$ cat structure.cif   # mmCIF, C-alpha atoms
data_model
loop_
_atom_site.label_atom_id
_atom_site.label_comp_id
_atom_site.auth_asym_id
_atom_site.auth_seq_id
_atom_site.Cartn_x
_atom_site.Cartn_y
_atom_site.Cartn_z
CA MET A 1 69.25 111.70 58.76
CA ALA A 2 70.32 108.87 61.03
CA THR A 3 68.29 108.37 64.19
CA ALA A 4 70.20 109.21 67.37
CA GLU A 5 71.29 106.28 69.50
CA ARG A 6 69.04 105.51 72.44
CA ALA A 7 70.71 105.01 75.80
CA ILE A 8 69.26 103.86 79.11
CA VAL A 9 71.23 104.52 82.28
CA ILE A 10 70.24 102.32 85.22
CA GLY A 11 71.07 104.23 88.39
CA GLY A 12 70.92 107.96 89.11
CA GLY A 13 74.02 108.29 91.26
CA ILE A 14 77.19 110.20 90.47
CA GLY A 15 78.46 107.78 87.82
CA GLY A 16 75.07 107.35 86.18
CA LEU A 17 74.34 111.07 85.96
CA THR A 18 77.83 111.82 84.65
CA ALA A 19 77.35 109.16 81.99
CA ALA A 20 73.96 110.60 81.05
CA ALA A 21 75.39 114.11 80.64
CA ALA A 22 78.39 112.88 78.64
CA LEU A 23 76.31 110.63 76.38
CA ARG A 24 73.94 113.51 75.62
CA LEU A 25 76.95 115.55 74.50
CA ARG A 26 77.90 112.60 72.31
CA GLY A 27 74.47 112.98 70.68
CA LEU A 28 72.55 110.11 72.27
CA ARG A 29 68.95 110.23 73.48
CA VAL A 30 69.27 109.34 77.16
CA THR A 31 66.87 108.16 79.84
CA VAL A 32 67.99 107.62 83.44
CA LEU A 33 66.07 105.09 85.54
CA GLU A 34 66.48 105.55 89.30
CA ARG A 35 64.91 103.16 91.79
CA ALA A 36 64.72 105.69 94.64
CA ALA A 37 61.88 108.17 94.90
CA THR A 38 64.26 111.14 94.63
CA LEU A 39 67.81 111.86 93.49
CA ARG A 40 68.90 112.80 96.99
CA PRO A 41 71.88 110.46 97.53
CA VAL A 42 72.50 108.30 100.57
CA GLY A 43 75.79 109.39 102.07
CA ALA A 44 77.66 112.42 103.28
CA ALA A 45 80.56 113.96 101.36
CA ILE A 46 82.80 112.99 98.48
CA SER A 47 86.35 114.00 97.66
CA LEU A 48 87.02 114.85 94.03
CA ALA A 49 90.63 114.71 92.91
CA PRO A 50 92.03 116.45 89.81
CA ASN A 51 91.45 113.35 87.68
CA ALA A 52 87.68 113.49 88.25
CA LEU A 53 87.61 117.27 87.89
CA ARG A 54 89.25 116.96 84.46
CA GLY A 55 86.51 114.50 83.58
CA LEU A 56 83.87 116.99 84.70
CA ASP A 57 85.52 119.61 82.49
CA VAL A 58 84.33 117.59 79.50
CA ILE A 59 80.68 118.09 80.50
CA GLY A 60 81.20 121.71 81.51
CA LEU A 61 81.17 121.27 85.29
CA GLY A 62 84.82 121.27 86.32
CA ASP A 63 85.19 124.93 87.21
CA ASP A 64 81.86 125.03 89.05
CA ILE A 65 83.06 122.23 91.30
CA ARG A 66 86.57 123.63 91.72
CA ALA A 67 84.96 126.79 93.08
CA LEU A 68 83.70 124.71 96.02
CA ALA A 69 87.19 123.75 97.20
CA ALA A 70 87.53 124.45 100.93
CA TRP A 71 90.95 123.02 101.78
CA GLN A 72 93.35 125.89 102.35
CA GLY A 73 96.74 125.86 104.04
CA ASP A 74 98.17 122.78 105.72
CA GLY A 75 96.64 119.44 106.54
CA GLY A 76 97.94 115.96 106.94
CA LEU A 77 98.12 112.82 109.06
CA ARG A 78 97.96 112.71 112.85
CA ALA A 79 98.23 110.21 115.68
CA PRO A 80 95.31 109.81 118.14
CA GLY A 81 97.13 111.93 120.71
CA GLY A 82 97.41 114.81 118.25
CA ARG A 83 101.00 114.47 117.05
CA TRP A 84 101.41 115.31 113.38
CA LEU A 85 102.91 112.41 111.46
CA SER A 86 103.07 114.41 108.24
CA ARG A 87 101.86 117.72 106.90
CA THR A 88 100.93 118.44 103.32
CA GLY A 89 99.64 121.72 101.96
CA ALA A 90 96.73 122.15 99.59
CA ALA A 91 98.99 124.18 97.31
CA ALA A 92 101.55 121.36 97.11
CA ALA A 93 98.89 118.84 96.11
CA ALA A 94 97.45 121.20 93.50
CA GLU A 95 100.90 121.89 92.07
CA ARG A 96 101.76 118.21 91.78
CA PHE A 97 98.53 117.11 90.14
CA GLY A 98 97.54 120.26 88.27
CA GLY A 99 94.47 121.09 90.32
CA PRO A 100 92.88 121.14 93.77
CA LEU A 101 91.24 118.45 95.84
CA VAL A 102 87.59 119.35 96.35
CA LEU A 103 85.48 117.99 99.21
CA LEU A 104 81.75 118.59 98.85
CA HIS A 105 78.46 117.07 99.88
CA ARG A 106 77.26 114.32 97.57
CA ALA A 107 73.89 116.04 97.25
CA THR A 108 75.61 119.16 95.92
CA LEU A 109 77.42 117.18 93.24
CA VAL A 110 74.25 115.30 92.28
CA ASP A 111 72.38 118.61 91.94
CA HIS A 112 75.08 119.97 89.63
CA LEU A 113 75.06 116.83 87.49
CA ALA A 114 71.27 116.72 87.27
CA GLY A 115 71.38 120.35 86.19
CA ARG A 116 73.14 119.28 82.99
CA LEU A 117 70.11 117.20 81.94
CA PRO A 118 66.80 118.39 80.46
CA ALA A 119 63.58 117.90 82.37
CA GLY A 120 62.20 114.41 82.02
CA THR A 121 65.58 112.73 81.46
CA VAL A 122 65.56 111.17 84.94
CA ARG A 123 62.69 108.91 85.97
CA THR A 124 62.73 108.41 89.72
CA GLY A 125 60.82 105.69 91.51
CA THR A 126 61.55 103.39 88.56
CA PRO A 127 63.34 100.13 89.35
CA ALA A 128 64.80 98.51 86.25
CA SER A 129 66.04 95.05 85.31
CA LEU A 130 68.07 93.87 82.34
CA LEU A 131 66.05 91.44 80.21
CA ASP A 132 68.39 91.09 77.22
CA PRO A 133 71.87 92.60 76.74
CA GLY A 134 71.35 92.75 72.97
CA VAL A 135 73.91 92.40 70.18
CA PRO A 136 75.93 95.38 68.91
CA GLY A 137 75.56 95.92 65.19
CA ASP A 138 72.37 93.87 64.98
CA PRO A 139 69.40 96.26 64.61
CA ALA A 140 67.04 93.38 65.32
CA ARG A 141 68.64 92.75 68.73
CA PRO A 142 68.59 95.92 70.88
CA ALA A 143 69.05 95.68 74.62
CA ARG A 144 65.82 95.31 76.56
CA VAL A 145 65.15 96.70 80.02
CA GLY A 146 62.14 95.92 82.17
CA THR A 147 60.37 98.55 84.28
CA PRO A 148 57.05 98.61 86.17
CA ASP A 149 55.61 100.51 83.21
CA GLY A 150 56.72 97.99 80.61
CA GLU A 151 59.78 97.11 78.53
CA LEU A 152 62.17 99.63 77.00
CA GLU A 153 64.60 99.06 74.14
CA ALA A 154 67.97 100.74 73.79
CA ASP A 155 71.06 100.79 71.60
CA LEU A 156 73.12 101.09 74.79
CA VAL A 157 72.50 100.32 78.45
CA VAL A 158 74.78 101.76 81.13
CA ALA A 159 74.55 99.84 84.40
CA ALA A 160 75.45 102.22 87.22
CA ASP A 161 73.39 100.33 89.79
CA GLY A 162 75.95 100.13 92.56
CA ILE A 163 78.05 97.67 94.46
CA HIS A 164 75.38 94.96 94.58
CA SER A 165 74.51 95.45 90.91
CA ALA A 166 71.69 93.26 89.65
CA VAL A 167 72.82 93.90 86.07
CA ARG A 168 76.31 92.60 86.87
CA ARG A 169 74.78 89.36 88.16
CA VAL A 170 72.86 88.97 84.89
CA LEU A 171 75.91 89.59 82.72
CA PHE A 172 78.35 87.52 84.79
CA PRO A 173 76.33 85.05 86.89
CA GLY A 174 79.42 83.06 87.88
CA HIS A 175 81.26 86.01 89.39
CA PRO A 176 81.37 86.03 93.23
CA GLY A 177 80.53 89.74 93.46
CA ALA A 178 81.61 92.04 96.26
CA VAL A 179 83.40 90.81 99.38
CA TYR A 180 83.66 92.35 102.85
CA SER A 181 86.72 94.57 103.13
CA GLY A 182 87.15 93.90 106.84
CA PHE A 183 86.04 97.25 108.23
CA THR A 184 83.03 99.47 108.73
CA THR A 185 82.67 103.23 108.31
CA TRP A 186 80.73 106.06 109.94
CA ARG A 187 80.08 109.45 108.33
CA THR A 188 78.45 112.70 109.33
CA VAL A 189 78.15 116.30 108.12
CA ILE A 190 77.31 118.89 110.78
CA PRO A 191 77.93 122.55 111.64
CA LEU A 192 80.69 123.02 114.21
CA PRO A 193 80.85 126.76 114.98
CA GLY A 194 83.69 128.12 117.07
CA VAL A 195 86.01 125.14 116.57
CA THR A 196 89.07 125.69 114.39
CA PHE A 197 91.28 122.90 113.08
CA SER A 198 93.44 121.90 110.15
CA SER A 199 92.07 119.34 107.74
CA HIS A 200 93.40 115.96 108.84
CA GLU A 201 93.14 112.19 108.92
CA THR A 202 94.19 110.36 112.08
CA TRP A 203 95.46 106.78 112.23
CA GLY A 204 95.21 104.56 115.28
CA ARG A 205 95.40 100.79 115.62
CA GLY A 206 92.56 99.36 113.55
CA ARG A 207 90.87 102.77 113.56
CA ILE A 208 90.86 105.92 111.39
CA TRP A 209 89.25 109.30 111.89
CA GLY A 210 89.05 112.23 109.47
CA THR A 211 87.78 115.81 109.94
CA HIS A 212 87.53 118.26 107.04
CA PRO A 213 85.79 121.62 106.47
CA LEU A 214 83.29 122.11 103.64
CA LYS A 215 82.82 125.28 101.63
CA ASP A 216 79.37 125.88 103.13
CA GLY A 217 80.78 126.11 106.68
CA ARG A 218 79.83 122.63 107.80
CA VAL A 219 82.29 119.91 108.78
CA TYR A 220 82.59 116.46 107.25
CA ALA A 221 83.82 113.74 109.59
CA TYR A 222 84.33 110.06 108.92
CA ALA A 223 85.64 107.10 110.84
CA ALA A 224 86.64 103.55 109.98
CA ALA A 225 87.33 100.61 112.25
CA VAL A 226 88.07 96.92 111.89
CA ARG A 227 84.84 95.28 113.01
CA PRO A 228 82.90 92.09 112.20
CA ALA A 229 80.62 92.34 109.18
CA GLY A 230 77.05 93.25 110.04
CA GLU A 231 77.82 94.49 113.55
CA ARG A 232 75.74 97.37 114.87
CA ALA A 233 75.94 99.32 118.12
CA PRO A 234 73.70 97.99 120.91
CA ASP A 235 72.64 101.58 121.74
CA ASP A 236 73.35 103.97 118.84
CA GLU A 237 76.20 104.74 116.46
CA ARG A 238 77.12 108.03 118.13
CA ALA A 239 77.70 106.07 121.33
CA ALA A 240 79.85 103.64 119.38
CA LEU A 241 81.95 106.53 118.09
CA LEU A 242 82.37 107.91 121.60
CA ARG A 243 83.65 104.56 122.82
CA LEU A 244 86.13 104.27 119.94
CA TYR A 245 87.26 107.89 119.48
CA GLY A 246 86.05 109.94 122.44
CA ASP A 247 89.56 110.40 123.88
CA TRP A 248 91.27 111.32 120.61
CA HIS A 249 92.68 114.77 119.89
CA THR A 250 90.63 117.91 119.25
CA PRO A 251 88.36 118.46 117.34
CA VAL A 252 87.15 114.85 117.64
CA PRO A 253 85.60 115.20 121.15
CA GLU A 254 84.01 118.55 120.22
CA LEU A 255 82.46 117.08 117.09
CA LEU A 256 81.12 114.04 118.93
CA ALA A 257 79.59 116.34 121.53
CA ALA A 258 77.77 118.24 118.78
CA VAL A 259 76.58 115.32 116.67
CA ARG A 260 73.20 113.63 117.18
CA PRO A 261 72.70 109.88 116.82
CA GLU A 262 70.51 110.44 113.77
CA ASP A 263 73.30 112.43 112.09
CA VAL A 264 75.56 109.37 111.90
CA LEU A 265 75.57 106.99 108.93
CA ARG A 266 77.19 103.58 109.25
CA HIS A 267 78.00 101.20 106.41
CA ASP A 268 80.17 98.12 106.10
CA VAL A 269 82.74 98.39 103.30
CA HIS A 270 82.81 95.92 100.44
CA HIS A 271 84.92 95.70 97.32
CA ILE A 272 85.16 93.54 94.21
CA GLY A 273 88.15 91.35 94.99
CA ARG A 274 88.16 89.30 91.80
CA PRO A 275 88.16 91.56 88.73
CA LEU A 276 85.37 91.01 86.24
CA PRO A 277 86.35 89.43 82.92
CA ALA A 278 85.03 92.54 81.14
CA PHE A 279 83.09 95.73 81.84
CA HIS A 280 80.68 95.02 79.02
CA ARG A 281 78.59 92.36 77.36
CA GLY A 282 76.39 92.87 74.34
CA ARG A 283 75.13 96.45 74.37
CA VAL A 284 75.60 96.84 78.13
CA ALA A 285 78.43 98.65 79.93
CA LEU A 286 79.07 98.40 83.67
CA LEU A 287 80.20 101.57 85.39
CA GLY A 288 81.43 102.65 88.83
CA ASP A 289 80.84 100.37 91.81
CA ALA A 290 78.91 97.95 89.63
CA ALA A 291 82.17 97.30 87.76
CA HIS A 292 84.95 97.84 90.29
CA ALA A 293 83.82 98.68 93.83
CA MET A 294 86.85 99.57 95.94
CA PRO A 295 87.62 100.53 99.56
CA PRO A 296 87.51 104.31 100.17
CA THR A 297 91.10 104.47 101.42
CA LEU A 298 92.29 106.31 98.28
CA GLY A 299 89.10 108.37 97.98
CA GLN A 300 88.71 107.18 94.38
CA GLY A 301 85.38 105.35 94.19
CA GLY A 302 83.34 108.23 92.80
CA ASN A 303 86.34 109.61 90.93
CA GLN A 304 86.75 106.37 89.01
CA ALA A 305 83.02 106.31 88.19
CA ILE A 306 83.40 109.76 86.62
CA GLU A 307 86.42 108.56 84.64
CA ASP A 308 84.37 105.56 83.46
CA ALA A 309 81.53 107.77 82.28
CA ILE A 310 83.72 110.16 80.33
CA THR A 311 85.78 107.36 78.76
CA LEU A 312 82.61 105.50 77.74
CA ALA A 313 81.18 108.53 75.96
CA PHE A 314 84.42 109.91 74.52
CA PRO A 315 87.06 107.18 74.16
CA ARG A 316 88.91 109.41 71.70
CA PRO A 317 88.62 113.05 70.51
CA HIS A 318 85.16 113.32 69.01
CA THR A 319 84.63 115.42 65.90
CA GLY A 320 81.06 114.48 65.09
CA SER A 321 81.76 111.27 63.14
CA ALA A 322 82.17 108.23 65.37
CA PRO A 323 80.90 104.65 65.55
CA PRO A 324 77.94 103.83 67.82
CA VAL A 325 78.94 103.79 71.46
CA ALA A 326 77.85 100.15 71.81
CA ASP A 327 80.34 99.19 69.08
CA ASP A 328 83.14 100.77 71.15
CA LEU A 329 82.52 98.75 74.32
CA PRO A 330 85.50 96.38 73.93
CA GLY A 331 87.70 99.47 73.87
CA TYR A 332 85.96 100.76 76.99
CA THR A 333 86.82 97.54 78.82
CA ALA A 334 90.40 97.69 77.54
CA ALA A 335 90.80 101.25 78.79
CA ARG A 336 89.10 100.90 82.16
CA LEU A 337 89.53 97.36 83.50
CA PRO A 338 93.35 97.38 83.97
CA ARG A 339 93.36 100.86 85.53
CA THR A 340 90.52 100.27 87.99
CA THR A 341 91.88 96.83 88.91
CA ALA A 342 95.24 98.36 89.81
CA ILE A 343 93.62 101.17 91.82
CA THR A 344 91.34 98.73 93.66
CA ARG A 345 94.31 96.57 94.63
CA ARG A 346 96.20 99.64 95.81
CA ALA A 347 93.20 100.74 97.91
CA VAL A 348 93.03 97.28 99.50
CA ARG A 349 96.76 97.40 100.36
CA VAL A 350 96.41 100.89 101.82
CA ALA A 351 93.46 99.76 103.95
CA ARG A 352 95.50 96.89 105.39
CA LEU A 353 98.32 99.28 106.27
CA ASN A 354 96.17 102.11 107.62
CA LEU A 355 93.91 99.84 109.64
CA THR A 356 96.44 97.37 110.99
CA THR A 357 95.52 96.17 114.46
CA ASN A 358 99.05 95.03 115.28
CA ARG A 359 100.75 97.35 117.78
CA VAL A 360 104.25 96.87 116.38
CA ALA A 361 103.12 97.22 112.78
CA ALA A 362 101.23 100.42 113.62
CA ALA A 363 104.29 101.88 115.34
CA VAL A 364 106.50 101.02 112.36
CA ARG A 365 103.91 102.53 110.03
CA ASP A 366 103.76 105.80 111.95
CA HIS A 367 107.54 106.03 112.16
CA ALA A 368 107.90 105.44 108.43
CA VAL A 369 105.30 108.09 107.60
CA ALA A 370 106.97 110.65 109.88
CA ALA A 371 110.42 109.90 108.43
CA LEU A 372 109.13 110.16 104.89
CA SER A 373 107.50 113.47 105.69
CA LYS A 374 110.74 114.89 107.07
CA ALA A 375 112.66 113.71 104.02
CA GLY A 376 110.28 115.65 101.80
CA PRO A 377 106.54 116.22 102.21
CA ALA A 378 106.00 115.92 98.47
CA LEU A 379 107.10 112.29 98.66
CA LEU A 380 103.85 111.43 100.41
CA LEU A 381 101.93 112.65 97.39
CA ARG A 382 103.63 110.08 95.19
CA GLY A 383 101.10 107.51 96.34
CA PHE A 384 98.62 109.25 94.03
CA ASP A 385 100.91 109.36 91.01
CA GLY A 386 99.22 107.54 88.17
CA VAL A 387 95.83 108.18 89.80
CA ALA A 388 95.18 111.91 90.24
CA ASP A 389 97.13 112.82 87.09
CA TRP A 390 94.70 111.06 84.72
CA ARG A 391 93.39 113.02 81.74
CA PRO A 392 90.33 112.27 79.62
CA PRO A 393 91.11 110.40 76.40
CA GLY A 394 88.73 112.52 74.35
CA GLY A 395 86.08 115.21 74.44
CA PRO A 396 83.19 116.67 72.45
CA SER A 397 83.67 118.82 69.40
CA GLY A 398 84.00 122.45 70.46
CA ALA A 399 85.82 121.69 73.69
CA GLY A 400 88.83 123.81 74.42
CA GLU A 401 91.83 122.97 76.56
CA ASP A 402 93.00 124.57 79.75
CA GLY A 403 96.57 125.26 80.70
CA ASP A 404 97.35 121.66 81.65
CA GLY A 405 95.84 120.13 78.53
CA ALA A 406 92.53 119.01 80.01
CA PRO A 407 89.44 119.27 77.81
CA ARG A 408 87.22 122.15 78.87
CA MET A 409 83.77 122.92 77.49
CA LEU A 410 83.26 126.34 75.97
CA ALA A 411 80.48 128.13 77.84
CA ALA A 412 78.55 128.86 74.66
CA ASP A 413 78.52 125.22 73.58
CA HIS A 414 76.15 123.86 76.21
CA GLY A 415 73.03 125.33 77.73
CA ARG A 416 72.53 124.92 81.47
CA HIS A 417 69.39 123.52 83.03
CA GLY A 418 68.55 124.30 86.62
CA PRO A 419 68.58 121.34 89.04
CA GLU A 420 64.97 122.01 89.91
CA GLU A 421 64.01 120.58 86.51
CA ASN A 422 64.99 117.10 87.67
CA THR A 423 64.02 117.25 91.30
CA PRO A 424 60.61 115.74 92.10
#

$ encode --input "structure.cif" --output "structure tokens"
Amino acid sequence: MATAERAIVIGGGIGGLTAAAALRLRGLRVTVLERAATLRPVGAAISLAPNALRGLDVIGLGDDIRALAAWQGDGGLRAPGGRWLSRTGAAAAAERFGGPLVLLHRATLVDHLAGRLPAGTVRTGTPASLLDPGVPGDPARPARVGTPDGELEADLVVAADGIHSAVRRVLFPGHPGAVYSGFTTWRTVIPLPGVTFSSHETWGRGRIWGTHPLKDGRVYAYAAAVRPAGERAPDDERAALLRLYGDWHTPVPELLAAVRPEDVLRHDVHHIGRPLPAFHRGRVALLGDAAHAMPPTLGQGGNQAIEDAITLAFPRPHTGSAPPVADDLPGYTAARLPRTTAITRRAVRVARLNLTTNRVAAAVRDHAVAALSKAGPALLLRGFDGVADWRPPGGPSGAGEDGDGAPRMLAADHGRHGPEENTP
């Protein structure tokens, strides 16, 4: 009997954990190395579109996550004074793309993903470095990874180590890496009892605000503004938000009154402006932000990482006889690099439009959005055509299909492991 391929995943975020779960279904022996002491992610919420949910179907999680959808009724785009520029219903979005948009806390998603892995799969508090990318097909040249406890060898290494990926720098030392996108973001998740509102994003000049309910009753709010890189508030970030958004429409003032300074996260936004020449080298595959970091203006960063992970593990329908994953890496690059490059460029263009600081350009933008909405609200959803309608290229043996053709794991095919097994 052939020995199962050994895979090391560097990074225990959403992309890394999805890859680990998918590769285990492919039959690989997987170890996840996470630098942080726990799997609790830094961040607030994440929006999962139907493309990512179809990917999660392959590892048996799609329906669990769909059950957390909180967006009901209308939502849309607003101006700072409260005027609706466009309104789009949750039902219309689900009808167009074959599924809902789900907003949930990142920690919730990480817990669900970790629950697909047996105890001991994830090693926290374990920084890792790539020592040798190895050579596919050469049993004498596996990939080698360094850890504080010694070297590890693997048939495949998945680098999901984030936007400032150390593995990417090893594989492509001449690449310039991530560049500043021109704006910073703030995020918070808090309870906001007694305040009712429709899910919305609001566009000002050089500023954006969004407020959305979560299934657990809390509210996710985010803001973005054109600011110099590295800038921080002289007092605290809540005070900075009050100065920028305190006079915007309800529920923005009510939320800012309820939030504490320590509840606010602030991060500058970076993206990979020059595409990498490939998403692989040797036995190593880059995944997620390590491969194609993008601005959050399309809400696709985590979604594309999930697509990466599923495509890496199942580039075609899998029936139990397939070449080693490391031998398929050129196909992984061919499938993922053009798509993520196009989506990154689209996200950059959208950021320039949404965050324009020019008064005339902002007025023209708002007028165009309002006119488009009156002509037909569904037209506004066309911006996600070719993105949210993605379907996995393959799936594990025993997977069924749902009504829209997406792979769906049969419940009996995969045992569940509680998230407590992987939580230190």

$ resolve_selection --input "structure.cif" --expression "the PyMOL selection byres ((chain A and resi 61) around 10)" --output "list in words"
Leu53, Arg54, Gly55, Leu56, Asp57, Val58, Ile59, Gly60, Gly62, Asp63, Asp64, Ile65, Arg66, Leu109, His112, Leu113, Gly115, Arg116, Arg408 and Met409 of chain A

$ write_last_selection --input "structure.cif" --atoms "C-alpha atoms" --output "compact mmCIF listing (two decimals), in the coordinates of the input"
# COMPACT_ATOMS: atom_id res chain seq x y z
CA LEU A 53 87.61 117.27 87.89
CA ARG A 54 89.25 116.96 84.46
CA GLY A 55 86.51 114.50 83.58
CA LEU A 56 83.87 116.99 84.70
CA ASP A 57 85.52 119.61 82.49
CA VAL A 58 84.33 117.59 79.50
CA ILE A 59 80.68 118.09 80.50
CA GLY A 60 81.20 121.71 81.51
CA GLY A 62 84.82 121.27 86.32
CA ASP A 63 85.19 124.93 87.21
CA ASP A 64 81.86 125.03 89.05
CA ILE A 65 83.06 122.23 91.30
CA ARG A 66 86.57 123.63 91.72
CA LEU A 109 77.42 117.18 93.24
CA HIS A 112 75.08 119.97 89.63
CA LEU A 113 75.06 116.83 87.49
CA GLY A 115 71.38 120.35 86.19
CA ARG A 116 73.14 119.28 82.99
CA ARG A 408 87.22 122.15 78.87
CA MET A 409 83.77 122.92 77.49

$ residues_around --input "structure.cif" --residues "stretch 81-84 of chain A" --least-positions-apart "3" --cutoff "7 Å" --atoms "all atoms listed in the file" --output "list of chain:residue names"
A:Leu77, A:Arg78, A:Arg87, A:Trp248, A:His249

$ write_last_selection --input "structure.cif" --atoms "C-alpha atoms" --output "mmCIF file, in the coordinates of the input"
data_model
loop_
_atom_site.group_PDB
_atom_site.id
_atom_site.type_symbol
_atom_site.label_atom_id
_atom_site.label_comp_id
_atom_site.auth_asym_id
_atom_site.auth_seq_id
_atom_site.Cartn_x
_atom_site.Cartn_y
_atom_site.Cartn_z
ATOM 1 C CA LEU A 77 98.120 112.820 109.060
ATOM 2 C CA ARG A 78 97.960 112.710 112.850
ATOM 3 C CA ARG A 87 101.860 117.720 106.900
ATOM 4 C CA TRP A 248 91.270 111.320 120.610
ATOM 5 C CA HIS A 249 92.680 114.770 119.890
#

$ residues_around --input "structure.cif" --residues "A:Ile10" --least-positions-apart "6" --cutoff "9 Å" --atoms "all atoms listed in the file" --output "mmCIF file with C-alpha atoms, in the frame of the given file"
data_model
loop_
_atom_site.group_PDB
_atom_site.id
_atom_site.type_symbol
_atom_site.label_atom_id
_atom_site.label_comp_id
_atom_site.auth_asym_id
_atom_site.auth_seq_id
_atom_site.Cartn_x
_atom_site.Cartn_y
_atom_site.Cartn_z
ATOM 1 C CA GLY A 16 75.070 107.350 86.180
ATOM 2 C CA THR A 31 66.870 108.160 79.840
ATOM 3 C CA VAL A 32 67.990 107.620 83.440
ATOM 4 C CA LEU A 33 66.070 105.090 85.540
ATOM 5 C CA GLU A 34 66.480 105.550 89.300
ATOM 6 C CA ARG A 35 64.910 103.160 91.790
ATOM 7 C CA PRO A 127 63.340 100.130 89.350
ATOM 8 C CA ALA A 128 64.800 98.510 86.250
ATOM 9 C CA SER A 129 66.040 95.050 85.310
ATOM 10 C CA VAL A 157 72.500 100.320 78.450
ATOM 11 C CA VAL A 158 74.780 101.760 81.130
ATOM 12 C CA ALA A 159 74.550 99.840 84.400
ATOM 13 C CA ALA A 160 75.450 102.220 87.220
ATOM 14 C CA ASP A 161 73.390 100.330 89.790
ATOM 15 C CA VAL A 167 72.820 93.900 86.070
#

$ atom_distance --input "structure.cif" --atom1 "atom CA of A:Asp111" --atom2 "atom CA of A:Pro261"
26.4 Å

$ closest_residue --input "structure.cif" --among "A:Thr311, A:Thr250, A:Thr18, A:Thr185" --to "A:Ile208" --atoms "only C-alpha atoms"
A:Thr185

$ residues_around --input "structure.cif" --residues "A:Ala45" --least-positions-apart "4" --cutoff "8 Å" --atoms "only C-alpha atoms" --output "ChimeraX atom specification"
/A:103-106,189,220

$ resolve_selection --input "structure.cif" --expression "the PyMOL selection byres ((chain A and resi 207) around 12)" --output "short mmCIF file (atom, residue, chain, number, x, y, z; two decimals) with C-alpha atoms, in the coordinates of the input"
data_model
loop_
_atom_site.label_atom_id
_atom_site.label_comp_id
_atom_site.auth_asym_id
_atom_site.auth_seq_id
_atom_site.Cartn_x
_atom_site.Cartn_y
_atom_site.Cartn_z
CA ALA A 79 98.23 110.21 115.68
CA PRO A 80 95.31 109.81 118.14
CA GLY A 182 87.15 93.90 106.84
CA PHE A 183 86.04 97.25 108.23
CA THR A 184 83.03 99.47 108.73
CA THR A 185 82.67 103.23 108.31
CA TRP A 186 80.73 106.06 109.94
CA GLU A 201 93.14 112.19 108.92
CA THR A 202 94.19 110.36 112.08
CA TRP A 203 95.46 106.78 112.23
CA GLY A 204 95.21 104.56 115.28
CA ARG A 205 95.40 100.79 115.62
CA GLY A 206 92.56 99.36 113.55
CA ILE A 208 90.86 105.92 111.39
CA TRP A 209 89.25 109.30 111.89
CA GLY A 210 89.05 112.23 109.47
CA TYR A 222 84.33 110.06 108.92
CA ALA A 223 85.64 107.10 110.84
CA ALA A 224 86.64 103.55 109.98
CA ALA A 225 87.33 100.61 112.25
CA VAL A 226 88.07 96.92 111.89
CA ARG A 227 84.84 95.28 113.01
CA LEU A 241 81.95 106.53 118.09
CA ARG A 243 83.65 104.56 122.82
CA LEU A 244 86.13 104.27 119.94
CA TYR A 245 87.26 107.89 119.48
CA TRP A 248 91.27 111.32 120.61
CA ALA A 351 93.46 99.76 103.95
CA ARG A 352 95.50 96.89 105.39
CA LEU A 353 98.32 99.28 106.27
CA ASN A 354 96.17 102.11 107.62
CA LEU A 355 93.91 99.84 109.64
CA THR A 356 96.44 97.37 110.99
CA THR A 357 95.52 96.17 114.46
CA ASN A 358 99.05 95.03 115.28
CA ALA A 362 101.23 100.42 113.62
#

$ resolve_selection --input "structure.cif" --expression "the PyMOL selection byres ((chain A and resi 199) around 7)" --output "list in words"
Gly75, Gly76, Phe197, Ser198, His200, Thr211, His212 and Pro213 of chain A

$ write_last_selection --input "structure.cif" --atoms "C-alpha atoms" --output "PDB file, in the frame of the given file"
ATOM      1  CA  GLY A  75      96.640 119.440 106.540  1.00  0.00           C
ATOM      2  CA  GLY A  76      97.940 115.960 106.940  1.00  0.00           C
ATOM      3  CA  PHE A 197      91.280 122.900 113.080  1.00  0.00           C
ATOM      4  CA  SER A 198      93.440 121.900 110.150  1.00  0.00           C
ATOM      5  CA  HIS A 200      93.400 115.960 108.840  1.00  0.00           C
ATOM      6  CA  THR A 211      87.780 115.810 109.940  1.00  0.00           C
ATOM      7  CA  HIS A 212      87.530 118.260 107.040  1.00  0.00           C
ATOM      8  CA  PRO A 213      85.790 121.620 106.470  1.00  0.00           C
TER       9      PRO A 213
END
